[in-house]
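Here the structure is laid out as structure tokens; the discussion comes afterwards.
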Amino acid sequence: MLNRPIRNTQDFLLSNYFVEGLRITFGVICPPLILAHFGMLQYGMTLSLGAICVSIVDTPGPMHHRRNAMLITIALLFIVSIIVGLTNKNIIFTGLILVIFSFIFSMFLLFGNRASAIGVAVLLVMVLSIDDIRPWNEVLLSAGLVLCGGVWYAILSYAIYRIRPYRLAQQVLSDSILQVAEFLRAKAKFYEEKVNYDKNFKALVQLQVDVSQKQDEVREVLFRTREIVKESTPQGRFLLVVFTDMVDLFEQVMSTYYNYKQLHDQFDQAGILYRYKLIINKISYALDDIAFALKTGGTPIISNTLDKDLLSLKDEIGKLEQTGSVQYNALGIIALKNIEVNIENIVQRVKNIVSYFNKKERNKIKNGDVDVAKFVNKQQIDLKILVDNLNFKSAVFRHSLRVSIVMLVGYIAAKSLAFSHSYWILLTILVISKPGFSLTKERNYHRIIGTVIGAFIGMGILHFVSDKNTLFFILIIFMIGAYSFQRKNYVISVLFMTPYILIMFDFLGLGTMAVARERIYDTLIGSGIAFTASYLLFPNWEKEKLKEAMVNTLKSNAEYFKQVIRLYFEDENDITSYKLARKDIFINSSNLSSLFQRMFSEPKSKQIYIKELHQFTVLNHLLTSYVASLALYIKEHNFISVNPDSLKLIAEHTAFLLNSSVDNLFYDKEGVNNVQLIHRKSKEENVLHADIQENTTAIIEEHFDLIQKVAYDIYKITEKINVKNF
């Protein structure tokens, strides 16, 4: 599509990232602009500090969570500002306060990401106040201004939300749909000739992680927003039904995983696979339109050639089938048909979603039959959790202890070097230090690259641009860019942030070139201290989480399989339990994939079982795809088997293999290495029968066999992996 770069830009400008950037920029720039007219610019800058700190916790989520987090942050900012301001005259006492507060507020990570953001916001105001020595009355005034700045931003955020209460939900839902569209395009690449299977599969797994994260973000916003869940307005029901349909659609997309190499070996010469790619890409563009319409309030459009393309594809499959088994394998033809039918169902679901954008249809939408409260995780604020984690077995405890020690080292280094803005060293340590080595390493690279490039850009602008009005306009652009990308792309955020700071210092008459050099030096020093500590000081390696991630993935896959086979063997089924199992496997498999990717960033000596872990990740992805296909056969196509007893036996053995795989990760399983696959006697006859009459029994039974085979392969992999001591 020729307009995709333009559409991508429009999507970003309408996204929550950009709106967040505008909101924070407005909240930060207004106080100094207004007070500068009254000769009180310094007071305005202090108000801005409060606004910046409170904006850190104002991340996507239900408004009452955001409101409560902002109020808690405002109170803590006020208290900490006073404590630090009254004690920073004594270097030793300041160092002690720095260590204590760094540890306490880093421990907030135990209570979730939003609580962790509160801790970061409070540590930020502490770092920026450490060198600001002033009389006690001015300390109280400064703390009051920080409080007022925080209140100003909280009021601004709440007012914007009340004006358009559904806007955030529309944006996060739109972003999640865009990720599904990207996932579809990655699937479409498997139908290209000479595709790099390993590279594309790796990209697919990463996109699955992104989709899962986005969908979890949507659940957090939709299912915990009272206006959507409890008031049940047409707009709220519309957003809920679009999301639930998109999750079902993603399950259908997940189910279309086949042995692409075999398909290419059979059908490349016929050229039919490229037709699949074109159709799948058209569907992904339709999803792009749906996502765009959610942000703009427009109506999405589906390509009017999709139905014709599907009919043409059916005809082409029919011609290949008429060629006979001389040239094409029967199972290959069945695979082509299954993929085509699945694509039809995906197209129909896309059409259903598009129909919801019609206002008349929207008013007809009814509440779903799923208990949405079960689909969000409740974070408990319990002191027992804190007490239980006050030991070296806790990764958060080690991280908090490391941060407190490293902040002290950074403080000593800053005082020894006597830079004008030595707090930048502490600030760099604060934003770079993450619980795991790989995340710290990644953030470290991003911080250095963004700072160095941004410093040169800033110096170039200040060298060639002298007009203050032009500089102010450029300052606003860089502020919006810095705050818009802070959650989307950290390196770009820092790249915008550095020129913004340099231009701001120029307005304050504090120099430019010297400030730029000092910022680079401080960043390099802080980065070096934080990175070294992440390797040497109570490090957290991904291998420590390996067993938990593998076990969670196995258990959730086993539960997903259990819920799906209930569709075949039981008359009454709990749709909520089925959807919960599906949600859990998507989340846990994405967590495992993320862990696997992060482990590659760690030293070679810490990368255990890389080959086996890769196989385990791939096999679990295949298992989820095959189980999803099995679910769709009964849900969408009403496929049944005439041999349910033989399938029950295979299903029970598959469950046994998955449970035994979990045991392998916990215990030494001596004497059970003779576990074998169960083979059906009639398997070959059924496949032959399918070649003649397209008997659905053969398709179902073949799929049960595939799932059992993958479960067996997973079992054999877990026998090789010894993670009992981690």
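Please note that chains go A, B, ... in the order of the structure tokens, that every chain numbers its residues from 1, and that ligands are numbered from 1 in the order shown.
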For segment 175-274 of chain A against segment 279-298 of chain A, with a cut-off of 7 Å and counting only C-alpha atoms, what is the closest atom pair and its distance in Å to one decimal for every residue that makes the cut, ordered by chain and number, as a Markdown table?
```
| residue | atom | partner | partner_atom | distance |
| --- | --- | --- | --- | --- |
| A:Asp175 | CA | A:Ala291 | CA | 6.9 |
| A:Ile177 | CA | A:Ala291 | CA | 5.8 |
| A:Leu178 | CA | A:Asp288 | CA | 5.8 |
| A:Ala181 | CA | A:Ser284 | CA | 4.5 |
| A:Leu184 | CA | A:Ser284 | CA | 6.0 |
| A:Arg185 | CA | A:Asn281 | CA | 5.7 |
| A:Ala188 | CA | A:Ile280 | CA | 5.9 |
```
Extract, using only C-alpha atoms, all DNA, RNA and protein residues at most 9 Å from Thr498 of chain A, discarding same-chain residues fewer than 6 positions from it, and format them as a list in words. Gly450, Thr451, Val452, Ile453, Gly454, Ala455, Ile457, Gly458, Phe478, Ala482, Ala516 and Arg519 of chain A
Writing out the chosen residues with N, CA and C atoms as a PDB file, in the first residue's frame:
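Below you can see out31.pdb, which holds the result:
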```
ATOM      1  N   GLY A 450      21.150   7.697  22.798  1.00  0.00           N
ATOM      2  CA  GLY A 450      20.231   8.831  22.734  1.00  0.00           C
ATOM      3  C   GLY A 450      20.855  10.115  23.243  1.00  0.00           C
ATOM      4  N   THR A 451      21.632  10.019  24.329  1.00  0.00           N
ATOM      5  CA  THR A 451      22.252  11.214  24.916  1.00  0.00           C
ATOM      6  C   THR A 451      23.315  11.805  24.002  1.00  0.00           C
ATOM      7  N   VAL A 452      24.199  10.966  23.468  1.00  0.00           N
ATOM      8  CA  VAL A 452      25.297  11.460  22.625  1.00  0.00           C
ATOM      9  C   VAL A 452      24.750  12.090  21.342  1.00  0.00           C
ATOM     10  N   ILE A 453      23.853  11.356  20.649  1.00  0.00           N
ATOM     11  CA  ILE A 453      23.290  11.905  19.406  1.00  0.00           C
ATOM     12  C   ILE A 453      22.471  13.154  19.701  1.00  0.00           C
ATOM     13  N   GLY A 454      21.650  13.099  20.772  1.00  0.00           N
ATOM     14  CA  GLY A 454      20.821  14.250  21.133  1.00  0.00           C
ATOM     15  C   GLY A 454      21.644  15.465  21.498  1.00  0.00           C
ATOM     16  N   ALA A 455      22.788  15.249  22.162  1.00  0.00           N
ATOM     17  CA  ALA A 455      23.649  16.374  22.538  1.00  0.00           C
ATOM     18  C   ALA A 455      24.191  17.083  21.309  1.00  0.00           C
ATOM     19  N   ILE A 457      22.808  17.076  18.322  1.00  0.00           N
ATOM     20  CA  ILE A 457      21.676  17.753  17.674  1.00  0.00           C
ATOM     21  C   ILE A 457      21.382  19.065  18.394  1.00  0.00           C
ATOM     22  N   GLY A 458      21.344  19.015  19.722  1.00  0.00           N
ATOM     23  CA  GLY A 458      21.071  20.215  20.502  1.00  0.00           C
ATOM     24  C   GLY A 458      22.117  21.298  20.285  1.00  0.00           C
ATOM     25  N   PHE A 478      10.514  19.161  20.738  1.00  0.00           N
ATOM     26  CA  PHE A 478      11.352  18.165  21.406  1.00  0.00           C
ATOM     27  C   PHE A 478      10.706  17.655  22.702  1.00  0.00           C
ATOM     28  N   ALA A 482       9.907  13.810  23.312  1.00  0.00           N
ATOM     29  CA  ALA A 482      10.489  13.100  24.455  1.00  0.00           C
ATOM     30  C   ALA A 482       9.422  12.384  25.264  1.00  0.00           C
ATOM     31  N   ALA A 516      26.312  20.501  27.572  1.00  0.00           N
ATOM     32  CA  ALA A 516      26.228  19.312  26.718  1.00  0.00           C
ATOM     33  C   ALA A 516      27.348  18.329  27.046  1.00  0.00           C
ATOM     34  N   ARG A 519      26.665  16.713  30.395  1.00  0.00           N
ATOM     35  CA  ARG A 519      25.590  15.714  30.334  1.00  0.00           C
ATOM     36  C   ARG A 519      26.116  14.403  29.754  1.00  0.00           C
TER      37      ARG A 519
END
```
Tell me which protein, DNA and RNA residues are within 12 Å of Ala655 of chain A, counting only C-alpha atoms, leaving out same-chain ones fewer than 6 positions away, and put them as a VMD selection string. chain A and resid 554 to 565 648 to 649 661 to 662 704 707 to 712 714 to 715
Resulting file, chosen residues, N, CA and C atoms, as a JSON list (two decimals), in the first residue's frame:
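result-v5.json, written as the output of this step:
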```json
[["chain", "number", "residue", "atom", "x", "y", "z"],
["A", 554, "LEU", "N", 3.72, -24.75, 30.47],
["A", 554, "LEU", "CA", 3.21, -26.13, 30.37],
["A", 554, "LEU", "C", 1.84, -26.28, 31.02],
["A", 555, "LYS", "N", 1.70, -25.74, 32.22],
["A", 555, "LYS", "CA", 0.44, -25.87, 32.93],
["A", 555, "LYS", "C", -0.70, -25.16, 32.19],
["A", 556, "SER", "N", -0.41, -23.97, 31.67],
["A", 556, "SER", "CA", -1.46, -23.23, 30.96],
["A", 556, "SER", "C", -1.80, -23.90, 29.63],
["A", 557, "ASN", "N", -0.80, -24.48, 28.96],
["A", 557, "ASN", "CA", -1.09, -25.22, 27.73],
["A", 557, "ASN", "C", -1.93, -26.46, 28.04],
["A", 558, "ALA", "N", -1.61, -27.14, 29.15],
["A", 558, "ALA", "CA", -2.38, -28.33, 29.55],
["A", 558, "ALA", "C", -3.82, -27.95, 29.87],
["A", 559, "GLU", "N", -4.00, -26.81, 30.56],
["A", 559, "GLU", "CA", -5.36, -26.36, 30.90],
["A", 559, "GLU", "C", -6.12, -25.93, 29.65],
["A", 560, "TYR", "N", -5.45, -25.29, 28.72],
["A", 560, "TYR", "CA", -6.08, -24.91, 27.44],
["A", 560, "TYR", "C", -6.53, -26.14, 26.68],
["A", 561, "PHE", "N", -5.67, -27.15, 26.62],
["A", 561, "PHE", "CA", -6.03, -28.41, 25.95],
["A", 561, "PHE", "C", -7.21, -29.07, 26.66],
["A", 562, "LYS", "N", -7.20, -29.04, 27.99],
["A", 562, "LYS", "CA", -8.29, -29.64, 28.77],
["A", 562, "LYS", "C", -9.62, -28.97, 28.45],
["A", 563, "GLN", "N", -9.62, -27.63, 28.37],
["A", 563, "GLN", "CA", -10.87, -26.91, 28.09],
["A", 563, "GLN", "C", -11.35, -27.17, 26.66],
["A", 564, "VAL", "N", -10.40, -27.34, 25.74],
["A", 564, "VAL", "CA", -10.79, -27.59, 24.34],
["A", 564, "VAL", "C", -11.38, -28.99, 24.18],
["A", 565, "ILE", "N", -10.77, -30.00, 24.79],
["A", 565, "ILE", "CA", -11.30, -31.36, 24.61],
["A", 565, "ILE", "C", -12.65, -31.51, 25.31],
["A", 648, "LYS", "N", -10.47, -40.06, 23.14],
["A", 648, "LYS", "CA", -10.37, -39.86, 24.59],
["A", 648, "LYS", "C", -9.08, -40.45, 25.13],
["A", 649, "LEU", "N", -8.72, -41.63, 24.62],
["A", 649, "LEU", "CA", -7.50, -42.29, 25.06],
["A", 649, "LEU", "C", -6.28, -41.45, 24.71],
["A", 661, "SER", "N", 5.77, -33.77, 31.96],
["A", 661, "SER", "CA", 6.79, -32.78, 31.60],
["A", 661, "SER", "C", 7.01, -31.79, 32.74],
["A", 662, "VAL", "N", 5.91, -31.40, 33.39],
["A", 662, "VAL", "CA", 6.02, -30.52, 34.56],
["A", 662, "VAL", "C", 6.80, -31.23, 35.67],
["A", 704, "PHE", "N", -5.49, -34.64, 16.73],
["A", 704, "PHE", "CA", -5.21, -35.20, 18.06],
["A", 704, "PHE", "C", -3.85, -35.89, 18.06],
["A", 707, "ILE", "N", -1.10, -33.19, 18.19],
["A", 707, "ILE", "CA", -0.97, -32.61, 19.53],
["A", 707, "ILE", "C", -0.25, -33.58, 20.45],
["A", 708, "GLN", "N", -0.60, -34.87, 20.37],
["A", 708, "GLN", "CA", 0.07, -35.87, 21.18],
["A", 708, "GLN", "C", 1.56, -35.93, 20.85],
["A", 709, "LYS", "N", 1.89, -35.87, 19.56],
["A", 709, "LYS", "CA", 3.29, -35.93, 19.13],
["A", 709, "LYS", "C", 4.08, -34.73, 19.67],
["A", 710, "VAL", "N", 3.49, -33.54, 19.61],
["A", 710, "VAL", "CA", 4.17, -32.35, 20.14],
["A", 710, "VAL", "C", 4.34, -32.46, 21.65],
["A", 711, "ALA", "N", 3.31, -32.95, 22.35],
["A", 711, "ALA", "CA", 3.41, -33.14, 23.80],
["A", 711, "ALA", "C", 4.51, -34.13, 24.14],
["A", 712, "TYR", "N", 4.64, -35.18, 23.33],
["A", 712, "TYR", "CA", 5.69, -36.17, 23.54],
["A", 712, "TYR", "C", 7.07, -35.54, 23.34],
["A", 714, "ILE", "N", 7.82, -32.40, 23.73],
["A", 714, "ILE", "CA", 8.05, -31.53, 24.89],
["A", 714, "ILE", "C", 8.52, -32.36, 26.08],
["A", 715, "TYR", "N", 7.90, -33.52, 26.27],
["A", 715, "TYR", "CA", 8.28, -34.42, 27.37],
["A", 715, "TYR", "C", 9.76, -34.82, 27.24]]
```
For segment 346-353 of chain A: contacts at 10 Å, only C-alpha atoms, fewer than 4 positions along chain excluded, given as an mmCIF file with N, CA, C and O atoms, in the first residue's frame:
```cif
data_model
loop_
_atom_site.group_PDB
_atom_site.id
_atom_site.type_symbol
_atom_site.label_atom_id
_atom_site.label_comp_id
_atom_site.auth_asym_id
_atom_site.auth_seq_id
_atom_site.Cartn_x
_atom_site.Cartn_y
_atom_site.Cartn_z
ATOM 1 N N PHE A 238 -19.848 -1.717 22.795
ATOM 2 C CA PHE A 238 -19.174 -1.765 21.494
ATOM 3 C C PHE A 238 -17.689 -2.083 21.656
ATOM 4 O O PHE A 238 -17.148 -2.974 20.990
ATOM 5 N N VAL A 241 -17.216 -5.769 22.872
ATOM 6 C CA VAL A 241 -17.473 -6.818 21.883
ATOM 7 C C VAL A 241 -16.411 -6.808 20.787
ATOM 8 O O VAL A 241 -16.028 -7.862 20.265
ATOM 9 N N VAL A 242 -15.892 -5.624 20.442
ATOM 10 C CA VAL A 242 -14.801 -5.563 19.463
ATOM 11 C C VAL A 242 -13.570 -6.268 20.020
ATOM 12 O O VAL A 242 -12.910 -7.056 19.320
ATOM 13 N N PHE A 243 -13.282 -6.018 21.292
ATOM 14 C CA PHE A 243 -12.104 -6.653 21.890
ATOM 15 C C PHE A 243 -12.266 -8.174 21.977
ATOM 16 O O PHE A 243 -11.342 -8.919 21.632
ATOM 17 N N ASP A 245 -14.111 -10.114 20.200
ATOM 18 C CA ASP A 245 -14.029 -10.674 18.845
ATOM 19 C C ASP A 245 -12.595 -10.677 18.331
ATOM 20 O O ASP A 245 -12.186 -11.595 17.612
ATOM 21 N N MET A 246 -11.823 -9.659 18.700
ATOM 22 C CA MET A 246 -10.434 -9.615 18.264
ATOM 23 C C MET A 246 -9.604 -10.711 18.927
ATOM 24 O O MET A 246 -8.705 -11.282 18.305
ATOM 25 N N ASP A 248 -10.841 -13.623 19.815
ATOM 26 C CA ASP A 248 -11.240 -14.829 19.071
ATOM 27 C C ASP A 248 -10.549 -14.879 17.711
ATOM 28 O O ASP A 248 -10.114 -15.941 17.254
ATOM 29 N N LEU A 249 -10.462 -13.721 17.059
ATOM 30 C CA LEU A 249 -9.803 -13.659 15.752
ATOM 31 C C LEU A 249 -8.326 -14.023 15.880
ATOM 32 O O LEU A 249 -7.782 -14.752 15.042
ATOM 33 N N PHE A 250 -7.680 -13.517 16.927
ATOM 34 C CA PHE A 250 -6.265 -13.841 17.125
ATOM 35 C C PHE A 250 -6.071 -15.337 17.352
ATOM 36 O O PHE A 250 -5.086 -15.921 16.894
ATOM 37 N N GLU A 251 -7.018 -15.962 18.058
ATOM 38 C CA GLU A 251 -6.948 -17.409 18.241
ATOM 39 C C GLU A 251 -7.017 -18.121 16.893
ATOM 40 O O GLU A 251 -6.300 -19.091 16.647
ATOM 41 N N GLN A 252 -7.882 -17.617 16.014
ATOM 42 C CA GLN A 252 -7.975 -18.206 14.675
ATOM 43 C C GLN A 252 -6.671 -18.024 13.904
ATOM 44 O O GLN A 252 -6.221 -18.938 13.211
ATOM 45 N N VAL A 253 -6.076 -16.847 14.034
ATOM 46 C CA VAL A 253 -4.801 -16.595 13.353
ATOM 47 C C VAL A 253 -3.719 -17.517 13.901
ATOM 48 O O VAL A 253 -2.905 -18.074 13.162
ATOM 49 N N ILE A 279 -4.001 -12.543 0.121
ATOM 50 C CA ILE A 279 -5.286 -12.465 0.825
ATOM 51 C C ILE A 279 -5.071 -12.129 2.296
ATOM 52 O O ILE A 279 -5.770 -11.284 2.866
ATOM 53 N N ILE A 280 -4.099 -12.795 2.934
ATOM 54 C CA ILE A 280 -3.830 -12.538 4.350
ATOM 55 C C ILE A 280 -3.390 -11.087 4.556
ATOM 56 O O ILE A 280 -3.797 -10.432 5.523
ATOM 57 N N LYS A 282 -4.305 -8.556 2.732
ATOM 58 C CA LYS A 282 -5.510 -7.723 2.585
ATOM 59 C C LYS A 282 -6.315 -7.705 3.886
ATOM 60 O O LYS A 282 -6.864 -6.669 4.277
ATOM 61 N N ILE A 283 -6.383 -8.852 4.550
ATOM 62 C CA ILE A 283 -7.083 -8.909 5.838
ATOM 63 C C ILE A 283 -6.367 -8.029 6.859
ATOM 64 O O ILE A 283 -7.004 -7.315 7.639
ATOM 65 N N SER A 284 -5.040 -8.070 6.854
ATOM 66 C CA SER A 284 -4.283 -7.244 7.806
ATOM 67 C C SER A 284 -4.524 -5.760 7.550
ATOM 68 O O SER A 284 -4.611 -4.966 8.501
ATOM 69 N N ALA A 286 -7.303 -4.552 6.372
ATOM 70 C CA ALA A 286 -8.647 -4.300 6.889
ATOM 71 C C ALA A 286 -8.594 -4.055 8.401
ATOM 72 O O ALA A 286 -9.296 -3.186 8.938
ATOM 73 N N LEU A 287 -7.735 -4.811 9.100
ATOM 74 C CA LEU A 287 -7.562 -4.594 10.533
ATOM 75 C C LEU A 287 -6.937 -3.230 10.807
ATOM 76 O O LEU A 287 -7.283 -2.554 11.790
ATOM 77 N N ILE A 290 -9.715 -0.818 10.704
ATOM 78 C CA ILE A 290 -10.531 -0.889 11.921
ATOM 79 C C ILE A 290 -9.844 -0.130 13.060
ATOM 80 O O ILE A 290 -10.480 0.638 13.783
ATOM 81 N N PRO A 300 -14.584 1.763 9.126
ATOM 82 C CA PRO A 300 -13.558 1.016 8.385
ATOM 83 C C PRO A 300 -14.105 0.452 7.077
ATOM 84 O O PRO A 300 -15.312 0.275 6.908
ATOM 85 N N ILE A 301 -13.182 0.155 6.181
ATOM 86 C CA ILE A 301 -13.544 -0.379 4.860
ATOM 87 C C ILE A 301 -12.791 -1.681 4.632
ATOM 88 O O ILE A 301 -11.600 -1.783 4.909
ATOM 89 N N ILE A 302 -13.522 -2.678 4.136
ATOM 90 C CA ILE A 302 -12.899 -3.949 3.762
ATOM 91 C C ILE A 302 -12.784 -3.996 2.250
ATOM 92 O O ILE A 302 -13.706 -3.586 1.530
ATOM 93 N N LEU A 306 -11.935 -9.132 -1.601
ATOM 94 C CA LEU A 306 -11.595 -10.257 -0.732
ATOM 95 C C LEU A 306 -12.451 -11.483 -1.032
ATOM 96 O O LEU A 306 -11.940 -12.604 -1.139
ATOM 97 N N ASP A 307 -13.759 -11.285 -1.150
ATOM 98 C CA ASP A 307 -14.647 -12.421 -1.425
ATOM 99 C C ASP A 307 -14.319 -13.061 -2.773
ATOM 100 O O ASP A 307 -14.318 -14.291 -2.908
ATOM 101 N N LEU A 310 -11.197 -15.138 -2.436
ATOM 102 C CA LEU A 310 -11.441 -16.411 -1.759
ATOM 103 C C LEU A 310 -12.104 -17.417 -2.693
ATOM 104 O O LEU A 310 -11.759 -18.605 -2.695
ATOM 105 N N GLU A 340 -7.702 -22.257 3.933
ATOM 106 C CA GLU A 340 -8.665 -21.420 3.213
ATOM 107 C C GLU A 340 -9.942 -21.224 4.017
ATOM 108 O O GLU A 340 -10.471 -20.105 4.112
ATOM 109 N N VAL A 341 -10.437 -22.296 4.635
ATOM 110 C CA VAL A 341 -11.649 -22.200 5.455
ATOM 111 C C VAL A 341 -11.401 -21.297 6.658
ATOM 112 O O VAL A 341 -12.256 -20.483 7.037
ATOM 113 N N ASN A 342 -10.232 -21.436 7.254
ATOM 114 C CA ASN A 342 -9.904 -20.590 8.400
ATOM 115 C C ASN A 342 -9.830 -19.125 7.993
ATOM 116 O O ASN A 342 -10.280 -18.241 8.725
ATOM 117 N N PHE A 357 -19.524 -0.926 13.777
ATOM 118 C CA PHE A 357 -19.312 0.509 13.647
ATOM 119 C C PHE A 357 -20.569 1.227 13.153
ATOM 120 O O PHE A 357 -20.646 2.454 13.212
ATOM 121 N N ASN A 358 -21.531 0.462 12.650
ATOM 122 C CA ASN A 358 -22.831 1.028 12.274
ATOM 123 C C ASN A 358 -23.605 1.344 13.555
ATOM 124 O O ASN A 358 -23.783 0.485 14.418
#
```
Could you write out, as a PyMOL selection string, all the residues of segment 340-496 of chain A that DSSP marks as helix (DSSP H, G or I)? chain A and resi 340-355+359-364+372-375+383-388+395-417+423-432+437-464+468-484+490-496
Closest atom pairs, segment 48-156 of chain A residues within 10 Å of segment 204-223 of chain A, only C-alpha atoms, as CSV:
```
residue,atom,partner,partner_atom,distance
A:Pro60,CA,A:Val221,CA,7.1
A:Gly61,CA,A:Val221,CA,4.7
A:Pro62,CA,A:Val221,CA,5.1
A:Met63,CA,A:Val221,CA,8.5
```
List every residue of segment 483-576 of chain A that has an atom at most 9 Å from any atom of segment 5-29 of chain A, giving for each one its closest atom pair and the distance in Å to one decimal, counting only C-alpha atoms, sorted by chain and then by ascending residue number, as a Markdown table.
```
| residue | atom | partner | partner_atom | distance |
| --- | --- | --- | --- | --- |
| A:Tyr483 | CA | A:Gly21 | CA | 4.5 |
| A:Ser484 | CA | A:Gly21 | CA | 4.0 |
| A:Phe485 | CA | A:Tyr17 | CA | 6.7 |
| A:Gln486 | CA | A:Tyr17 | CA | 8.4 |
| A:Arg487 | CA | A:Tyr17 | CA | 7.4 |
| A:Lys488 | CA | A:Tyr17 | CA | 7.2 |
```
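When the distance limit is 12 Å and only C-alpha atoms are what count, the residues near Lys384 of chain A, minus those fewer than 4 positions from it on the same chain, are Leu110, Phe111, Gln380, Asp388, Asn389 and Leu390 of chain A.
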Would you mind listing what lies within 8 Å of segment 409-412 of chain A as a VMD selection string, with only C-alpha atoms counted and same-chain residues fewer than 2 positions away left out? chain A and resid 95 405 to 407 414 to 416 423 425 to 426 429 526 529
Need the shell around Phe616 of chain A: protein/DNA/RNA residues with any atom at most 10 Å away, counting only C-alpha atoms. Skip same-chain ones fewer than 2 positions apart. Format as a PyMOL selection string? chain A and resi 550+554+592+610-614+618-622+713-718+721
If you keep N, CA, C and O atoms, can you produce a file of those selected residues as a tab-separated table (two decimals), in the first residue's frame?
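Saved the output as again_22.tsv:
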```tsv
chain	number	residue	atom	x	y	z
A	550	MET	N	8.79	-21.94	32.38
A	550	MET	CA	8.51	-23.18	31.66
A	550	MET	C	7.32	-23.92	32.27
A	550	MET	O	6.44	-24.40	31.54
A	554	LEU	N	3.72	-24.75	30.47
A	554	LEU	CA	3.21	-26.13	30.37
A	554	LEU	C	1.84	-26.28	31.02
A	554	LEU	O	0.93	-26.89	30.45
A	592	LEU	N	7.47	-16.53	28.44
A	592	LEU	CA	8.58	-17.46	28.18
A	592	LEU	C	9.41	-16.96	26.99
A	592	LEU	O	10.65	-17.00	27.03
A	610	ILE	N	20.29	-23.19	26.00
A	610	ILE	CA	19.76	-22.30	24.96
A	610	ILE	C	19.10	-23.13	23.83
A	610	ILE	O	17.99	-22.81	23.39
A	611	LYS	N	19.78	-24.17	23.38
A	611	LYS	CA	19.24	-24.98	22.29
A	611	LYS	C	17.94	-25.65	22.72
A	611	LYS	O	16.93	-25.62	21.99
A	612	GLU	N	17.95	-26.26	23.92
A	612	GLU	CA	16.75	-26.94	24.41
A	612	GLU	C	15.61	-25.95	24.68
A	612	GLU	O	14.45	-26.25	24.41
A	613	LEU	N	15.97	-24.79	25.21
A	613	LEU	CA	14.95	-23.79	25.50
A	613	LEU	C	14.31	-23.28	24.22
A	613	LEU	O	13.09	-23.04	24.17
A	614	HIS	N	15.13	-23.12	23.18
A	614	HIS	CA	14.57	-22.72	21.87
A	614	HIS	C	13.59	-23.77	21.37
A	614	HIS	O	12.48	-23.44	20.92
A	618	VAL	N	9.54	-23.24	20.79
A	618	VAL	CA	8.92	-23.52	19.49
A	618	VAL	C	7.82	-24.58	19.63
A	618	VAL	O	6.71	-24.42	19.09
A	619	LEU	N	8.11	-25.65	20.36
A	619	LEU	CA	7.14	-26.73	20.53
A	619	LEU	C	5.89	-26.25	21.27
A	619	LEU	O	4.77	-26.65	20.93
A	620	ASN	N	6.08	-25.41	22.27
A	620	ASN	CA	4.91	-24.90	22.98
A	620	ASN	C	4.09	-23.96	22.12
A	620	ASN	O	2.86	-23.93	22.22
A	621	HIS	N	4.76	-23.20	21.24
A	621	HIS	CA	4.04	-22.37	20.28
A	621	HIS	C	3.23	-23.25	19.33
A	621	HIS	O	2.06	-22.95	19.04
A	622	LEU	N	3.84	-24.33	18.85
A	622	LEU	CA	3.14	-25.26	17.97
A	622	LEU	C	1.96	-25.90	18.69
A	622	LEU	O	0.86	-26.04	18.12
A	713	ASP	N	7.21	-34.71	22.29
A	713	ASP	CA	8.48	-34.03	22.04
A	713	ASP	C	8.83	-33.08	23.19
A	713	ASP	O	10.01	-32.96	23.58
A	714	ILE	N	7.82	-32.40	23.73
A	714	ILE	CA	8.05	-31.53	24.89
A	714	ILE	C	8.52	-32.36	26.08
A	714	ILE	O	9.45	-31.97	26.80
A	715	TYR	N	7.90	-33.52	26.27
A	715	TYR	CA	8.28	-34.42	27.37
A	715	TYR	C	9.76	-34.82	27.24
A	715	TYR	O	10.51	-34.79	28.23
A	716	LYS	N	10.17	-35.17	26.04
A	716	LYS	CA	11.56	-35.60	25.82
A	716	LYS	C	12.54	-34.43	26.06
A	716	LYS	O	13.64	-34.63	26.57
A	717	ILE	N	12.12	-33.21	25.68
A	717	ILE	CA	12.97	-32.04	25.91
A	717	ILE	C	13.15	-31.80	27.41
A	717	ILE	O	14.25	-31.52	27.90
A	718	THR	N	12.06	-31.92	28.17
A	718	THR	CA	12.14	-31.65	29.61
A	718	THR	C	12.99	-32.68	30.33
A	718	THR	O	13.51	-32.41	31.43
A	721	ILE	N	16.49	-31.20	30.38
A	721	ILE	CA	16.72	-29.93	31.06
A	721	ILE	C	16.67	-30.13	32.56
A	721	ILE	O	15.72	-30.71	33.09
```
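Straight-line separation from atom CA of Lys547 of chain A to atom CA of Arg402 of chain A: 24.1 Å.
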Would you work out the distance separating atom CA of Lys543 of chain A from atom CA of Gln607 of chain A, expressed in Å to one decimal?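 Separation of atom CA of Lys543 of chain A and atom CA of Gln607 of chain A: 7.3 Å.
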Between atom CA of Lys261 of chain A and atom CA of Ser594 of chain A, what is the distance in Å, rounded to a tenth? 26.0 Å
